[in-house]
Amino acid sequence: MKTVVVIQRELQENLRNYKTLFLLMFIFGGILMALYTEVGPTANSQNVLDPFFELFAVLCPMIGILAAMDAVVGEKEKGTLELILSKPLPRRSLLLGKFWAYVLMIVPLLVAELIVAYFWAQFSGISQYRWQLPMPPFSQWLTLVAIVSCVSLFFIALTTLISMFAPTTATSGLCALIFMAPAHPLGGEFLRQVGLRLNISSFEGLPLAVKFFLSVFSKFQKFALTSPGDALICCLSLLSMTIVVLLLSSWIFERQNVAFKN
Amino acid sequence: MKDFAVSVQDLSKRYGSLQAVDNVSFQVKQGTSFGLLGLNGAGKTTTFKMLVSLIRPDGGTAHVAGYDVVKEPMQVRAHIGYVAENPAFYTRMTTQETLRYICRLLEVPSQDQNQRIDSALELVGLMDKKHAYVGGYSRGMRHRLGLAQALLSEPQVLFLDEPTLGLDPLGAKNMRELILRLRQEREVTVLMSSHVLPEVESICDVVGIFDHGRLVAIDTIENLRSTASDTMNLELLMIQPNEEVVQALQLIPGVKLVENNGARIVIKAAKENDLRPRILQEALNNNAQILSFGLKESSLEDILLRLVQTP
């Protein structure tokens, strides 16, 4: 119940400080960039999904980081953490409330804007006259939406955890950015090099446990877009990791000797 | 235990190599007010934060409003009010929204929330700011809002950490009056930490003096005055300065110091033998034209400085 109280307050605050509007514009800007700039498809692109995925694989972790980078440290900086922790509010409720508020701010926006983008790209004919590429089936597009949403959730949880230890909001954001490495093309290159050394050329046939950990890499996520079974594994892995990070955060936060601002 | 609103036994807290609070024990009776005094870094705020269950003690036990601060922190927080040294609020929320949020965290029934909010705002004089954003508040208003939010739980114990810090003289006076009014009207137990010693004197029945994490003295201010030193301070006020009186007083056995301030003389004399008749007699013998003569009470500041080990 108190988690709901925290969610409502967070949403109220974030609407008033234009954080939600900023994130909305950020996602919208990403879609516009994917549709109308040269970020677009490569020579290997099969369909319009490629340019969107390449961009959103990087954008979604950033969205998660931007939303949650001030989760705990922001309260410390403002001095409000002392106020709310002196009330009968379990610390895990505070963390969960913040997490769900960020999820409610981001995921509906992301899903709605990506679905609108699909129909826009289809009906405007941009896929043909600009890229000469077919549109993917809608089900495959929804797979993209599901995977990038799960990536966002994971990064919200991870950044929330980081914000418990960071001395400032900026440090929290910067530290979280380091964990974006698997989403970057460099992360893909790292996987390729490891694959070469182990004589593995494809994700197919890898054990489930390995796929579980590979889910944080955008290269595997891209592969999963064409394989429904792997897409499911990818989403479930990311959700499991999100839950584990949240549980760990709650466990630590309950025991943490918080340094309050005087 | 039931007579005590706060009961602390061997409470300790260490930060790295620093022993912030070292085996502190004290009890505060219900309905009384207790002041925590000490220099910066003496351990007052750490003790406060342990008592409101914001930080976990390393050792010892503490009960607030009958609840254990380690085992039942939610119960402790539900029965206390806490005003931090620098009360901070969400700047993009109005006064009413802020207090409603606190009410909901305290699980105040929704039908009672408006009444509690209005009553708290009325008491602290912020009723006209009910719909104003907290971001526009001055320091003094934030302190008053801090007090208002602390009252929403209808607390049994009120913790005030430096309640007048940074306030102008008028703001500080208003805050003091507010705290005294609260004590009278709501009969809450007040625990207060402060550097402003006259404030502690005017509000607190009992004071505890902290030094390097230890509670070095705990008593009423009167008792501290009488026991903190082996000398008594006497003040002799004359119509005009008289050097002969000063010289005569210095010769009395037991007189430790004579401060000559012109027509006003301060005498520090041993407590064992009451030297007041002898001093008065000597003054009269030297033709002093006396306006007044009597004990000059040690200020709380004198007591504090005498008890703590200054570097």
# chains A, B, ... in the order shown; residues from 1 in each chain; ligands from 1
call {"tool": "closest_atom_pairs", "arguments": {"of": "chain A", "to": "chain B", "cutoff": "9 Å", "atoms": "only C-alpha atoms", "output": "JSON lines"}}
result
{"residue": "A:Lys2", "atom": "CA", "partner": "B:Leu105", "partner_atom": "CA", "distance": 6.4}
{"residue": "A:Val5", "atom": "CA", "partner": "B:Arg104", "partner_atom": "CA", "distance": 7.0}
{"residue": "A:Val6", "atom": "CA", "partner": "B:Tyr101", "partner_atom": "CA", "distance": 8.5}
{"residue": "A:Arg9", "atom": "CA", "partner": "B:Tyr101", "partner_atom": "CA", "distance": 7.5}
{"residue": "A:Gln12", "atom": "CA", "partner": "B:Met93", "partner_atom": "CA", "distance": 8.4}
{"residue": "A:Glu13", "atom": "CA", "partner": "B:Arg92", "partner_atom": "CA", "distance": 6.4}
{"residue": "A:Arg16", "atom": "CA", "partner": "B:Arg92", "partner_atom": "CA", "distance": 6.7}
{"residue": "A:Asn17", "atom": "CA", "partner": "B:Arg92", "partner_atom": "CA", "distance": 7.5}
{"residue": "A:Lys78", "atom": "CA", "partner": "B:Ala88", "partner_atom": "CA", "distance": 6.8}
{"residue": "A:Gly79", "atom": "CA", "partner": "B:Ala88", "partner_atom": "CA", "distance": 5.3}
{"residue": "A:Thr80", "atom": "CA", "partner": "B:Ala88", "partner_atom": "CA", "distance": 5.3}
{"residue": "A:Leu81", "atom": "CA", "partner": "B:Ala88", "partner_atom": "CA", "distance": 8.7}
{"residue": "A:Glu82", "atom": "CA", "partner": "B:Ala84", "partner_atom": "CA", "distance": 7.5}
{"residue": "A:Leu83", "atom": "CA", "partner": "B:Ala88", "partner_atom": "CA", "distance": 7.2}
{"residue": "A:Ile84", "atom": "CA", "partner": "B:Ile102", "partner_atom": "CA", "distance": 7.9}
{"residue": "A:Leu85", "atom": "CA", "partner": "B:Leu54", "partner_atom": "CA", "distance": 6.6}
{"residue": "A:Ser86", "atom": "CA", "partner": "B:Arg77", "partner_atom": "CA", "distance": 6.0}
{"residue": "A:Lys87", "atom": "CA", "partner": "B:Arg77", "partner_atom": "CA", "distance": 5.3}
{"residue": "A:Pro88", "atom": "CA", "partner": "B:Met74", "partner_atom": "CA", "distance": 4.6}
{"residue": "A:Leu89", "atom": "CA", "partner": "B:Leu105", "partner_atom": "CA", "distance": 6.3}
{"residue": "A:Pro90", "atom": "CA", "partner": "B:Met74", "partner_atom": "CA", "distance": 7.6}
{"residue": "A:Arg255", "atom": "CA", "partner": "B:Arg56", "partner_atom": "CA", "distance": 8.4}
{"residue": "A:Gln256", "atom": "CA", "partner": "B:Ile55", "partner_atom": "CA", "distance": 8.5}
{"residue": "A:Asn257", "atom": "CA", "partner": "B:Ile55", "partner_atom": "CA", "distance": 5.9}
{"residue": "A:Val258", "atom": "CA", "partner": "B:Ile55", "partner_atom": "CA", "distance": 7.2}
{"residue": "A:Ala259", "atom": "CA", "partner": "B:Ile55", "partner_atom": "CA", "distance": 8.9}
{"residue": "A:Lys261", "atom": "CA", "partner": "B:Asn86", "partner_atom": "CA", "distance": 8.8}
{"residue": "A:Asn262", "atom": "CA", "partner": "B:Asn86", "partner_atom": "CA", "distance": 6.5}
call {"tool": "atom_distance", "arguments": {"atom1": "atom CA of A:Met1", "atom2": "atom CA of B:Arg116"}}
result
20.8 Å
call {"tool": "closest_residue", "arguments": {"among": "B:Ile303, B:Ile221, B:Val21, B:Val108", "to": "B:Val200", "atoms": "only C-alpha atoms"}}
result
B:Ile221
call {"tool": "residues_around", "arguments": {"residues": "stretch 175-177 of chain B", "least_positions_apart": "5", "cutoff": "10 Å", "atoms": "only C-alpha atoms", "output": "ChimeraX atom specification"}}
result
/B:124,140,143-144,147,163-164,167,169-170,182-183,199-200,202-203
call {"tool": "atom_distance", "arguments": {"atom1": "atom CA of A:Leu214", "atom2": "atom CA of A:Gln46"}}
result
22.8 Å
call {"tool": "decode", "arguments": {"residues": "stretch 105-186 of chain A", "atoms": "C-alpha atoms", "output": "compact mmCIF listing (two decimals), in the first residue's frame"}}
result
# COMPACT_ATOMS: atom_id res chain seq x y z
CA MET A 105 6.68 6.75 -16.85
CA ILE A 106 8.72 4.92 -19.48
CA VAL A 107 7.21 1.66 -20.64
CA PRO A 108 3.77 2.91 -21.76
CA LEU A 109 5.46 5.78 -23.62
CA LEU A 110 7.99 3.49 -25.23
CA VAL A 111 5.41 0.89 -26.28
CA ALA A 112 2.94 3.49 -27.57
CA GLU A 113 5.52 5.48 -29.52
CA LEU A 114 7.10 2.38 -31.08
CA ILE A 115 3.74 1.02 -32.15
CA VAL A 116 2.80 4.39 -33.65
CA ALA A 117 6.20 4.43 -35.39
CA TYR A 118 5.49 1.03 -36.97
CA PHE A 119 2.23 2.19 -38.50
CA TRP A 120 3.73 5.52 -39.49
CA ALA A 121 6.60 3.79 -41.30
CA GLN A 122 4.16 1.42 -42.99
CA PHE A 123 1.53 3.90 -44.12
CA SER A 124 3.85 6.74 -45.02
CA GLY A 125 5.75 4.35 -47.33
CA ILE A 126 9.08 5.57 -45.90
CA SER A 127 10.43 2.01 -45.71
CA GLN A 128 10.20 1.69 -49.46
CA TYR A 129 11.02 5.14 -50.85
CA ARG A 130 13.82 5.81 -48.41
CA TRP A 131 15.42 2.47 -47.66
CA GLN A 132 13.90 0.07 -50.21
CA LEU A 133 13.32 -2.37 -47.36
CA PRO A 134 10.15 -4.29 -46.44
CA MET A 135 8.35 -3.73 -43.16
CA PRO A 136 8.70 -6.63 -40.72
CA PRO A 137 5.61 -8.50 -39.55
CA PHE A 138 3.85 -6.74 -36.68
CA SER A 139 4.53 -9.70 -34.37
CA GLN A 140 8.26 -9.28 -34.94
CA TRP A 141 7.92 -5.56 -34.24
CA LEU A 142 6.22 -6.42 -30.96
CA THR A 143 9.16 -8.68 -30.12
CA LEU A 144 11.40 -5.65 -30.54
CA VAL A 145 9.12 -3.62 -28.28
CA ALA A 146 9.13 -6.38 -25.64
CA ILE A 147 12.91 -6.76 -25.66
CA VAL A 148 13.72 -3.04 -25.50
CA SER A 149 11.12 -2.59 -22.74
CA CYS A 150 12.78 -5.36 -20.72
CA VAL A 151 16.17 -3.73 -21.32
CA SER A 152 14.74 -0.47 -19.93
CA LEU A 153 13.38 -2.26 -16.84
CA PHE A 154 16.75 -3.88 -16.19
CA PHE A 155 18.58 -0.58 -16.44
CA ILE A 156 16.05 1.19 -14.19
CA ALA A 157 16.67 -1.46 -11.51
CA LEU A 158 20.45 -1.40 -12.01
CA THR A 159 20.63 2.41 -11.87
CA THR A 160 18.44 2.46 -8.77
CA LEU A 161 20.95 0.13 -7.10
CA ILE A 162 23.86 2.31 -8.20
CA SER A 163 22.12 5.46 -6.95
CA MET A 164 22.16 4.01 -3.42
CA PHE A 165 25.96 4.23 -3.35
CA ALA A 166 26.76 7.19 -5.60
CA PRO A 167 27.71 10.47 -3.93
CA THR A 168 25.91 12.59 -6.54
CA THR A 169 23.25 12.13 -9.20
CA ALA A 170 25.81 12.81 -11.94
CA THR A 171 28.14 10.11 -10.57
CA SER A 172 25.23 7.72 -10.42
CA GLY A 173 24.44 8.35 -14.09
CA LEU A 174 28.05 8.04 -15.18
CA CYS A 175 28.59 4.81 -13.25
CA ALA A 176 25.42 3.34 -14.78
CA LEU A 177 26.65 4.27 -18.27
CA ILE A 178 29.59 1.90 -17.79
CA PHE A 179 27.11 -0.97 -17.60
CA MET A 180 25.85 -0.02 -21.07
CA ALA A 181 28.94 -1.61 -22.62
CA PRO A 182 27.10 -4.83 -23.61
CA ALA A 183 24.54 -2.71 -25.45
CA HIS A 184 27.26 -0.94 -27.42
CA PRO A 185 28.74 -2.34 -30.66
CA LEU A 186 31.95 -2.85 -28.67
